[in-house]
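One file, entry-v5.pdb, is given below (PDB, C-alpha atoms).
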MODEL        1
ATOM      1  CA  MET A   7      -1.422  -7.188 -35.478
ATOM      2  CA  GLY A   8      -0.689  -3.510 -35.040
ATOM      3  CA  ILE A   9       0.430  -1.677 -31.945
ATOM      4  CA  TRP A  10      -3.010  -0.118 -31.382
ATOM      5  CA  GLN A  11      -4.773  -3.460 -31.065
ATOM      6  CA  LYS A  12      -3.793  -3.944 -27.420
ATOM      7  CA  ILE A  13      -3.925  -0.341 -26.228
ATOM      8  CA  SER A  14      -6.600   0.549 -23.675
ATOM      9  CA  ILE A  15      -7.502   4.226 -23.492
ATOM     10  CA  LEU A  16      -9.134   5.117 -20.201
ATOM     11  CA  LEU A  17     -11.061   8.395 -20.230
ATOM     12  CA  LEU A  18     -11.632   8.846 -16.510
ATOM     13  CA  THR A  19     -13.397  11.650 -14.714
ATOM     14  CA  THR A  20     -10.035  13.349 -14.305
ATOM     15  CA  PHE A  21     -10.238  14.175 -17.997
ATOM     16  CA  PHE A  22     -12.543  17.024 -17.091
ATOM     17  CA  PHE A  23     -11.640  19.289 -14.263
ATOM     18  CA  THR A  24     -14.761  21.341 -13.576
ATOM     19  CA  GLY A  25     -14.616  20.075 -10.006
ATOM     20  CA  CYS A  26     -11.309  21.806  -9.420
ATOM     21  CA  THR A  27     -11.764  25.280  -7.937
ATOM     22  CA  PHE A  28      -8.665  26.636  -9.687
ATOM     23  CA  PHE A  29     -10.024  25.813 -13.116
ATOM     24  CA  ASP A  30     -13.548  26.982 -12.295
ATOM     25  CA  LYS A  31     -12.224  30.508 -11.843
ATOM     26  CA  LYS A  32     -10.368  30.642 -15.137
ATOM     27  CA  ASN A  33     -11.413  30.403 -18.763
ATOM     28  CA  VAL A  34      -8.995  27.605 -19.585
ATOM     29  CA  ALA A  35      -8.976  24.283 -21.396
ATOM     30  CA  GLY A  36      -6.598  21.331 -21.427
ATOM     31  CA  LEU A  37      -4.644  19.454 -24.080
ATOM     32  CA  GLN A  38      -2.692  16.225 -23.758
ATOM     33  CA  VAL A  39      -0.646  14.665 -26.561
ATOM     34  CA  ILE A  40       1.050  11.266 -26.390
ATOM     35  CA  THR A  41       3.170   9.820 -29.222
ATOM     36  CA  ASN A  42       4.127   6.425 -27.843
ATOM     37  CA  ASN A  43       7.915   6.325 -27.366
ATOM     38  CA  THR A  44       8.497   8.666 -30.309
ATOM     39  CA  SER A  45       9.664  12.098 -29.157
ATOM     40  CA  SER A  46       7.925  14.769 -31.218
ATOM     41  CA  SER A  47       7.632  18.559 -31.366
ATOM     42  CA  LEU A  48       4.168  20.073 -30.994
ATOM     43  CA  PHE A  49       2.843  23.205 -32.678
ATOM     44  CA  LEU A  50      -0.509  24.881 -31.980
ATOM     45  CA  ASP A  51      -1.577  27.270 -34.749
ATOM     46  CA  GLY A  52       2.049  27.343 -35.846
ATOM     47  CA  GLN A  53       3.403  28.218 -32.391
ATOM     48  CA  TYR A  54       5.803  25.762 -30.771
ATOM     49  CA  LEU A  55       4.426  24.195 -27.593
ATOM     50  CA  ASP A  56       6.829  21.554 -26.288
ATOM     51  CA  LYS A  57       7.991  17.983 -26.778
ATOM     52  CA  THR A  58       5.814  14.946 -26.191
ATOM     53  CA  PRO A  59       4.550  13.555 -23.898
ATOM     54  CA  PHE A  60       2.723  16.814 -23.251
ATOM     55  CA  ILE A  61      -0.087  18.086 -21.043
ATOM     56  CA  ASP A  62      -1.226  21.641 -20.351
ATOM     57  CA  LYS A  63      -4.451  22.651 -18.575
ATOM     58  CA  ALA A  64      -4.084  26.404 -19.047
ATOM     59  CA  ILE A  65      -4.799  26.928 -22.756
ATOM     60  CA  LYS A  66      -7.384  29.376 -24.025
ATOM     61  CA  PRO A  67     -10.472  27.492 -25.264
ATOM     62  CA  GLY A  68     -11.004  27.453 -29.003
ATOM     63  CA  LYS A  69     -10.401  25.607 -32.259
ATOM     64  CA  TYR A  70      -6.762  25.054 -33.152
ATOM     65  CA  THR A  71      -4.555  23.388 -35.727
ATOM     66  CA  LEU A  72      -2.284  20.888 -33.994
ATOM     67  CA  LYS A  73       0.879  19.686 -35.718
ATOM     68  CA  ILE A  74       2.907  16.711 -34.487
ATOM     69  CA  GLU A  75       6.423  16.607 -35.897
ATOM     70  CA  PRO A  76       8.522  13.560 -34.907
ATOM     71  CA  ASP A  77      12.173  14.167 -34.067
ATOM     72  CA  ASP A  78      12.997  11.199 -36.284
ATOM     73  CA  THR A  79      12.982  12.679 -39.794
ATOM     74  CA  ASN A  80      12.173   9.240 -41.215
ATOM     75  CA  LEU A  81       8.715   9.473 -39.644
ATOM     76  CA  ALA A  82       5.823  11.463 -41.103
ATOM     77  CA  SER A  83       4.433  14.559 -39.413
ATOM     78  CA  TYR A  84       0.717  14.931 -38.747
ATOM     79  CA  GLU A  85      -1.615  17.921 -38.708
ATOM     80  CA  THR A  86      -5.208  18.007 -37.472
ATOM     81  CA  GLN A  87      -7.903  20.257 -36.031
ATOM     82  CA  VAL A  88      -8.665  20.054 -32.297
ATOM     83  CA  VAL A  89     -11.333  21.774 -30.225
ATOM     84  CA  LEU A  90     -10.367  22.787 -26.680
ATOM     85  CA  ARG A  91     -13.362  23.461 -24.449
ATOM     86  CA  LYS A  92     -13.446  25.279 -21.125
ATOM     87  CA  GLY A  93     -12.827  23.001 -18.171
ATOM     88  CA  LEU A  94     -12.287  19.923 -20.349
ATOM     89  CA  LEU A  95      -9.233  18.006 -21.506
ATOM     90  CA  THR A  96      -8.763  17.039 -25.162
ATOM     91  CA  VAL A  97      -6.534  13.965 -25.540
ATOM     92  CA  VAL A  98      -4.562  13.006 -28.643
ATOM     93  CA  THR A  99      -2.668   9.731 -28.942
ATOM     94  CA  TRP A 100      -0.617   9.232 -32.083
ATOM     95  CA  LYS A 101       1.715   6.591 -33.507
ATOM     96  CA  PRO A 102       3.839   8.124 -36.300
ATOM     97  CA  GLY A 103       4.669   5.904 -39.240
ATOM     98  CA  ASP A 104       7.186   6.226 -42.032
ATOM     99  CA  ARG A 105       4.465   7.838 -44.143
ATOM    100  CA  PRO A 106       0.956   9.241 -43.513
ATOM    101  CA  GLU A 107      -0.697   5.997 -44.627
ATOM    102  CA  THR A 108       1.063   3.948 -41.932
ATOM    103  CA  SER A 109       0.457   6.543 -39.196
ATOM    104  CA  GLY A 110      -2.555   6.319 -36.923
ATOM    105  CA  GLY A 111      -4.108   7.429 -33.696
ATOM    106  CA  ILE A 112      -7.167   8.738 -31.940
ATOM    107  CA  ILE A 113      -8.500  12.043 -30.594
ATOM    108  CA  TYR A 114     -10.923  12.342 -27.653
ATOM    109  CA  GLU A 115     -12.891  15.585 -27.308
ATOM    110  CA  MET A 116     -15.509  16.143 -24.604
ATOM    111  CA  GLU A 117     -18.434  18.525 -24.369
ATOM    112  CA  GLU A 118     -21.275  18.945 -21.894
ATOM    113  CA  ILE A 119     -24.810  17.904 -22.800
ATOM    114  CA  LYS A 120     -28.127  18.047 -20.973
ATOM    115  CA  SER A 121     -28.577  14.393 -20.126
ATOM    116  CA  ASN A 122     -28.323  11.989 -17.232
ATOM    117  CA  GLN A 123     -26.568   9.576 -19.577
ATOM    118  CA  GLY A 124     -23.558   9.866 -21.861
ATOM    119  CA  GLU A 125     -23.038   9.972 -25.598
ATOM    120  CA  LEU A 126     -20.347   8.881 -28.025
ATOM    121  CA  SER A 127     -19.734  10.129 -31.539
ATOM    122  CA  PHE A 128     -17.376   8.196 -33.825
ATOM    123  CA  ILE A 129     -15.616   9.776 -36.789
ATOM    124  CA  THR A 130     -13.031   7.686 -38.628
ATOM    125  CA  ILE A 131     -10.538   7.901 -41.434
ATOM    126  CA  PRO A 132     -11.361   6.029 -43.632
ATOM    127  CA  ASP A 133     -15.167   6.204 -43.447
ATOM    128  CA  ASN A 134     -17.203   3.022 -43.068
ATOM    129  CA  THR A 135     -14.815   1.620 -40.482
ATOM    130  CA  ILE A 136     -16.346  -1.337 -38.645
ATOM    131  CA  ILE A 137     -17.241  -0.429 -35.035
ATOM    132  CA  SER A 138     -18.033  -3.014 -32.378
ATOM    133  CA  PHE A 139     -19.282  -1.422 -29.141
ATOM    134  CA  ASP A 140     -19.380  -3.539 -25.975
ATOM    135  CA  GLN A 141     -19.026  -6.621 -28.208
ATOM    136  CA  GLY A 142     -22.424  -5.907 -29.726
ATOM    137  CA  GLU A 143     -23.572  -5.933 -33.308
ATOM    138  CA  GLN A 144     -21.090  -4.447 -35.785
ATOM    139  CA  GLN A 145     -21.893  -0.958 -37.044
ATOM    140  CA  PHE A 146     -20.143   1.465 -39.388
ATOM    141  CA  SER A 147     -18.711   4.964 -39.037
ATOM    142  CA  PRO A 148     -19.675   7.709 -38.806
ATOM    143  CA  LEU A 149     -21.752   6.653 -35.819
ATOM    144  CA  ALA A 150     -23.529   8.387 -32.925
ATOM    145  CA  LEU A 151     -24.523   6.465 -29.800
ATOM    146  CA  LYS A 152     -26.887   8.093 -27.288
ATOM    147  CA  ASN A 153     -28.232   7.246 -23.830
ATOM    148  CA  ILE A 154     -25.150   5.276 -22.834
ATOM    149  CA  GLU A 155     -24.905   4.238 -19.198
ATOM    150  CA  PRO A 156     -22.013   6.083 -17.490
ATOM    151  CA  GLY A 157     -19.034   3.864 -16.760
ATOM    152  CA  HIS A 158     -16.494   1.770 -18.583
ATOM    153  CA  HIS A 159     -17.239   0.470 -22.067
ATOM    154  CA  GLN A 160     -15.174  -1.182 -24.780
ATOM    155  CA  PHE A 161     -15.044  -0.559 -28.495
ATOM    156  CA  GLU A 162     -13.104  -1.928 -31.433
ATOM    157  CA  LEU A 163     -12.287  -0.284 -34.768
ATOM    158  CA  SER A 164     -11.343  -2.488 -37.696
ATOM    159  CA  LEU A 165     -11.070  -2.484 -41.458
ATOM    160  CA  PRO A 166      -9.373  -4.936 -43.849
ATOM    161  CA  SER A 167      -5.731  -3.994 -44.578
ATOM    162  CA  TYR A 168      -5.648  -1.615 -41.578
ATOM    163  CA  GLU A 169      -4.400  -2.046 -38.026
ATOM    164  CA  LYS A 170      -7.164  -2.891 -35.578
ATOM    165  CA  GLN A 171      -7.718  -0.614 -32.572
ATOM    166  CA  GLN A 172      -9.241  -1.802 -29.287
ATOM    167  CA  HIS A 173      -9.994   0.694 -26.533
ATOM    168  CA  THR A 174     -11.702   1.006 -23.156
ATOM    169  CA  ILE A 175     -13.462   4.275 -22.443
ATOM    170  CA  ASN A 176     -15.198   5.722 -19.403
ATOM    171  CA  VAL A 177     -18.456   7.354 -20.462
ATOM    172  CA  VAL A 178     -19.229  10.328 -18.239
ATOM    173  CA  LYS A 179     -22.699  11.428 -17.214
ATOM    174  CA  GLY A 180     -23.821  14.620 -18.958
ATOM    175  CA  HIS A 181     -20.998  14.579 -21.525
ATOM    176  CA  ARG A 182     -20.572  13.673 -25.167
ATOM    177  CA  ILE A 183     -17.203  12.270 -26.199
ATOM    178  CA  THR A 184     -16.290  12.710 -29.845
ATOM    179  CA  ILE A 185     -13.850  10.028 -30.937
ATOM    180  CA  THR A 186     -11.909  10.831 -34.088
ATOM    181  CA  ALA A 187      -9.767   7.897 -35.177
ATOM    182  CA  LYS A 188      -7.339   7.518 -38.065
ATOM    183  CA  LEU A 189      -6.524   3.924 -38.862
ATOM    184  CA  ALA A 190      -3.001   3.079 -40.003
ATOM    185  CA  ARG A 191      -2.347   0.850 -42.973
ATOM    186  CA  ALA A 192      -1.164  -2.582 -41.871
ATOM    187  CA  VAL A 193       2.614  -2.999 -41.803
ATOM    188  CA  PRO A 194       3.964  -5.003 -44.789
ATOM    189  CA  PRO A 195       5.090  -8.591 -44.066
ATOM    190  CA  ASP A 196       8.788  -7.635 -44.209
ATOM    191  CA  ASP A 197       8.254  -5.316 -41.230
ATOM    192  CA  LYS A 198       6.249  -7.709 -39.022
ATOM    193  CA  GLU A 199       9.184  -8.669 -36.814
ATOM    194  CA  GLU A 200       9.885  -5.053 -35.936
ATOM    195  CA  ASN A 201       6.202  -4.294 -35.395
ATOM    196  CA  ASN A 202       5.731  -7.265 -33.078
ATOM    197  CA  SER A 203       8.640  -6.038 -30.984
ATOM    198  CA  ILE A 204       6.961  -2.680 -30.506
ATOM    199  CA  GLN A 205       3.635  -4.330 -29.694
ATOM    200  CA  THR A 206       5.240  -6.464 -27.002
ATOM    201  CA  THR A 207       6.580  -3.345 -25.305
ATOM    202  CA  ASP A 208       3.146  -1.729 -25.499
ATOM    203  CA  LYS A 209       1.449  -4.853 -24.128
ATOM    204  CA  ARG A 210       3.834  -4.882 -21.181
ATOM    205  CA  ILE A 211       2.630  -1.407 -20.195
ATOM    206  CA  PHE A 212      -1.108  -1.779 -20.754
ATOM    207  CA  ASP A 213      -1.859  -5.399 -19.920
ATOM    208  CA  LEU A 214      -0.128  -5.441 -16.540
ATOM    209  CA  ALA A 215      -3.368  -5.773 -14.602
ATOM    210  CA  SER A 216      -4.612  -8.890 -16.368
ATOM    211  CA  GLU A 217      -1.207 -10.572 -16.362
ATOM    212  CA  SER A 218      -0.394  -9.786 -12.753
ATOM    213  CA  ALA A 219      -3.689 -11.310 -11.648
ATOM    214  CA  GLN A 220      -2.279 -14.680 -12.649
ATOM    215  CA  VAL A 221       0.747 -14.383 -10.352
ATOM    216  CA  SER A 222       0.480 -15.951  -6.905
ATOM    217  CA  THR A 223       1.189 -13.709  -3.925
ATOM    218  CA  SER A 224       2.173 -14.226  -0.338
ATOM    219  CA  SER A 225      -0.594 -12.110   1.226
ATOM    220  CA  GLY A 226      -3.578 -12.854  -1.000
ATOM    221  CA  GLN A 227      -4.587  -9.172  -0.711
ATOM    222  CA  LEU A 228      -4.920  -6.495  -3.384
ATOM    223  CA  VAL A 229      -4.058  -2.807  -3.752
ATOM    224  CA  THR A 230      -6.313  -0.566  -5.872
ATOM    225  CA  ILE A 231      -4.680   2.285  -7.827
ATOM    226  CA  LYS A 232      -6.390   5.689  -7.423
ATOM    227  CA  ALA A 233      -6.528   8.571  -9.911
ATOM    228  CA  THR A 234      -3.122  10.153 -10.618
ATOM    229  CA  ASN A 235      -3.858  12.524 -13.509
ATOM    230  CA  PHE A 236      -0.686  11.140 -15.105
ATOM    231  CA  PHE A 237      -1.011   9.522 -18.501
ATOM    232  CA  GLN A 238       1.299   7.210 -20.387
ATOM    233  CA  ASP A 239       0.385   6.337 -23.994
ATOM    234  CA  GLY A 240      -3.204   7.353 -23.409
ATOM    235  CA  ALA A 241      -3.833   5.461 -20.175
ATOM    236  CA  GLU A 242      -3.996   6.989 -16.696
ATOM    237  CA  VAL A 243      -1.314   5.199 -14.704
ATOM    238  CA  LEU A 244       0.787   5.230 -11.546
ATOM    239  CA  LYS A 245       4.566   4.876 -11.742
ATOM    240  CA  VAL A 246       5.877   1.694 -10.143
ATOM    241  CA  ARG A 247       9.411   2.067  -8.795
ATOM    242  CA  SER A 248      12.205  -0.339  -7.935
ATOM    243  CA  LEU A 249      12.502   1.065  -4.400
ATOM    244  CA  ALA A 250      10.202   2.844  -1.936
ATOM    245  CA  SER A 251      11.360   6.280  -3.090
ATOM    246  CA  PRO A 252      10.037   8.913  -5.541
ATOM    247  CA  SER A 253      13.506   9.110  -7.097
ATOM    248  CA  ALA A 254      13.925   5.363  -7.636
ATOM    249  CA  GLU A 255      13.983   3.789 -11.087
ATOM    250  CA  ILE A 256      10.611   3.299 -12.801
ATOM    251  CA  VAL A 257      10.046  -0.392 -13.512
ATOM    252  CA  GLY A 258       6.586  -0.095 -15.018
ATOM    253  CA  TYR A 259       3.148   1.499 -14.831
ATOM    254  CA  ALA A 260       0.056   0.354 -12.921
ATOM    255  CA  LYS A 261      -3.303   1.249 -14.450
ATOM    256  CA  VAL A 262      -5.641   3.490 -12.452
ATOM    257  CA  GLY A 263      -8.719   1.653 -11.192
ATOM    258  CA  GLN A 264      -7.059  -1.754 -11.363
ATOM    259  CA  ASP A 265      -6.168  -4.103  -8.508
ATOM    260  CA  TYR A 266      -2.647  -5.467  -8.031
ATOM    261  CA  PRO A 267      -1.406  -8.198  -5.669
ATOM    262  CA  TYR A 268       0.004  -6.795  -2.415
ATOM    263  CA  LEU A 269       3.251  -8.469  -1.354
ATOM    264  CA  ASN A 270       2.810  -7.757   2.352
ATOM    265  CA  GLU A 271       5.612  -5.174   2.499
ATOM    266  CA  THR A 272       5.219  -1.508   3.488
ATOM    267  CA  SER A 273       7.886   1.185   3.808
ATOM    268  CA  GLU A 274       7.180   4.775   4.864
ATOM    269  CA  GLY A 275       3.897   5.069   3.003
ATOM    270  CA  TRP A 276       4.891   2.849   0.060
ATOM    271  CA  TYR A 277       3.417  -0.564  -0.824
ATOM    272  CA  LYS A 278       5.132  -3.399  -2.634
ATOM    273  CA  ILE A 279       3.055  -4.989  -5.392
ATOM    274  CA  GLN A 280       3.333  -7.673  -8.027
ATOM    275  CA  LEU A 281       3.559  -6.117 -11.483
ATOM    276  CA  ASN A 282       3.529  -8.524 -14.378
ATOM    277  CA  GLU A 283       6.526 -10.811 -13.813
ATOM    278  CA  GLN A 284       8.364  -8.425 -11.503
ATOM    279  CA  THR A 285       7.767  -6.520  -8.278
ATOM    280  CA  GLY A 286       7.797  -2.825  -7.475
ATOM    281  CA  TRP A 287       6.739  -0.087  -5.083
ATOM    282  CA  VAL A 288       3.808   2.346  -5.347
ATOM    283  CA  SER A 289       3.107   5.425  -3.278
ATOM    284  CA  GLY A 290       0.331   5.059  -0.721
ATOM    285  CA  GLN A 291      -0.864   8.525  -1.767
ATOM    286  CA  TYR A 292      -2.328   6.965  -4.902
ATOM    287  CA  THR A 293      -3.596   3.663  -3.542
ATOM    288  CA  GLU A 294      -6.794   2.539  -1.902
ATOM    289  CA  ASN A 295      -6.825   0.509   1.277
ATOM    290  CA  ILE A 296      -5.507  -3.014   0.983
ATOM    291  CA  HIS A 297      -8.370  -5.490   0.588
ATOM    292  CA  ASN A 298      -9.164  -9.076  -0.247
TER     293      ASN A 298
ENDMDL
END

Conversion result in structure tokens:
Amino acid sequence: MGIWQKISILLLTTFFFTGCTFFDKKNVAGLQVITNNTSSSLFLDGQYLDKTPFIDKAIKPGKYTLKIEPDDTNLASYETQVVLRKGLLTVVTWKPGDRPETSGGIIYEMEEIKSNQGELSFITIPDNTIISFDQGEQQFSPLALKNIEPGHHQFELSLPSYEKQQHTINVVKGHRITITAKLARAVPPDDKEENNSIQTTDKRIFDLASESAQVSTSSGQLVTIKATNFFQDGAEVLKVRSLASPSAEIVGYAKVGQDYPYLNETSEGWYKIQLNEQTGWVSGQYTENIHN
């Protein structure tokens, strides 16, 4: 199984910032690029931007050519077109491979529509990728889905000989999300051991909520993680630290919107939670009230 199979991409309402007065007054758009743990240089229309992970909410709206160039010269670079719309954030997640065929990722672009529901548009490389939406009947790309109830939904992209992708997405009222996905060729058998090692690391980051729910706690109460506008490998998360301090070591990431067991310890606005098989501290600024 490939690294993308266990990744959950959460497009939350923070992905569009029309509610923020600062952005309302300016003709700006946002771009976020995540390349897993592979540091890469970014170029927009040939101009150097920065290293990944990257986010900027003050870019002039328009259509651009984005180039992702890994620092590791053994990995293939990637070039694609992205559309940056006013007041909206375009998100690109990419896993470079040793050649274009083994590289893959997904692009999320949002635009406003006149509807009380949401819409999704799937474009894939290759075409005719199998799409399963909310575990329903299998369909094939390209695919447009209309009148979708706002809220969280799941979809899966699969094709024989390619790495499967599974994602969770938050459909937003009055918006269409265009999902452009490139599937990576499956890693040859000789490379499976290395690939499984990477997947385990990825699973540790993105499956913390489900795994931590199985751990017994002393208080029996839960802490809900609020929006942070900080993204790690495509998911909005909150940093979990070893101590109750913003400068303490990061021991993991808690997913926004998820509940984590509260360990009945508080220190100057910080809460101690159970995270996977370890414990850590989260800032009370980004947590809901403790509840059962």

**Request:** For the structure provided, state which residues fall under the PyMOL selection byres ((chain A and resi 248) around 8), and present them as a ChimeraX atom specification.
**Result:** /A:246-247,249-250,254-257,285-287

**Request:** Starting from the displayed file, determine the output of the PyMOL selection byres ((chain A and resi 272) around 12) and express the residue list as a ChimeraX atom specification.
**Result:** /A:229,249-251,268-271,273-279,286-290,296

For the structure shown, which residues end up in the PyMOL selection byres ((chain A and resi 105-122) around 6)? Put them as a PDB file with C-alpha atoms, in the coordinates of the input, please?
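File out-v9.pdb, as written:
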ATOM      1  CA  ALA A  82       5.823  11.463 -41.103  1.00  0.00           C
ATOM      2  CA  THR A  96      -8.763  17.039 -25.162  1.00  0.00           C
ATOM      3  CA  VAL A  97      -6.534  13.965 -25.540  1.00  0.00           C
ATOM      4  CA  VAL A  98      -4.562  13.006 -28.643  1.00  0.00           C
ATOM      5  CA  THR A  99      -2.668   9.731 -28.942  1.00  0.00           C
ATOM      6  CA  TRP A 100      -0.617   9.232 -32.083  1.00  0.00           C
ATOM      7  CA  LYS A 101       1.715   6.591 -33.507  1.00  0.00           C
ATOM      8  CA  PRO A 102       3.839   8.124 -36.300  1.00  0.00           C
ATOM      9  CA  GLY A 103       4.669   5.904 -39.240  1.00  0.00           C
ATOM     10  CA  ASP A 104       7.186   6.226 -42.032  1.00  0.00           C
ATOM     11  CA  GLN A 123     -26.568   9.576 -19.577  1.00  0.00           C
ATOM     12  CA  LYS A 179     -22.699  11.428 -17.214  1.00  0.00           C
ATOM     13  CA  GLY A 180     -23.821  14.620 -18.958  1.00  0.00           C
ATOM     14  CA  HIS A 181     -20.998  14.579 -21.525  1.00  0.00           C
ATOM     15  CA  ARG A 182     -20.572  13.673 -25.167  1.00  0.00           C
ATOM     16  CA  ILE A 183     -17.203  12.270 -26.199  1.00  0.00           C
ATOM     17  CA  THR A 184     -16.290  12.710 -29.845  1.00  0.00           C
ATOM     18  CA  ILE A 185     -13.850  10.028 -30.937  1.00  0.00           C
ATOM     19  CA  THR A 186     -11.909  10.831 -34.088  1.00  0.00           C
ATOM     20  CA  ALA A 187      -9.767   7.897 -35.177  1.00  0.00           C
ATOM     21  CA  LYS A 188      -7.339   7.518 -38.065  1.00  0.00           C
ATOM     22  CA  LEU A 189      -6.524   3.924 -38.862  1.00  0.00           C
ATOM     23  CA  ALA A 190      -3.001   3.079 -40.003  1.00  0.00           C
ATOM     24  CA  ARG A 191      -2.347   0.850 -42.973  1.00  0.00           C
TER      25      ARG A 191
END

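Comparing A:Thr41, A:Ile136, A:Asn33, A:Lys232 by their smallest distance to Gln172 of chain A, the closest is A:Ile136 (using all atoms listed in the file).
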
**Request:** Quick one: pull the distance between atom CA of Ile74 of chain A and atom CA of Val89 of chain A, Å, one decimal.
**Result:** 15.7 Å

**Request:** Give as a VMD selection string every residue, naming chains and numbers as the document does, that has an atom within 10 Å of (0.7, 22.2, -16.7), counting all atoms listed in the file.
**Result:** chain A and resid 36 to 38 60 to 65

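Here atom CA of His173 of chain A and atom CA of Phe128 of chain A stand 12.8 Å from one another.
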
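Taking all atoms listed in the file into account, Leu149 of chain A lies nearest to A:Leu163 out of the set A:Val178, A:Leu50, A:Leu163, A:Leu228.
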
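Atom CA of Gln284 of chain A sits 11.9 Å away from atom CA of Tyr266 of chain A.
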
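Among A:Ile154, A:Leu94, A:Val39, A:Leu165, the residue with the shortest atom-to-atom distance to Pro132 of chain A, counting all atoms listed in the file, is A:Leu165.
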
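Each of A:Val262, A:Val177, A:Ala233, A:Ile137 was checked against Pro156 of chain A using only C-alpha atoms; the smallest atom-to-atom distance is that of A:Val177.
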
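Candidate residues A:Ile231, A:Ile40, A:Leu90, A:Leu72 were compared for distance to Lys57 of chain A, and the nearest is A:Ile40, using all atoms listed in the file.
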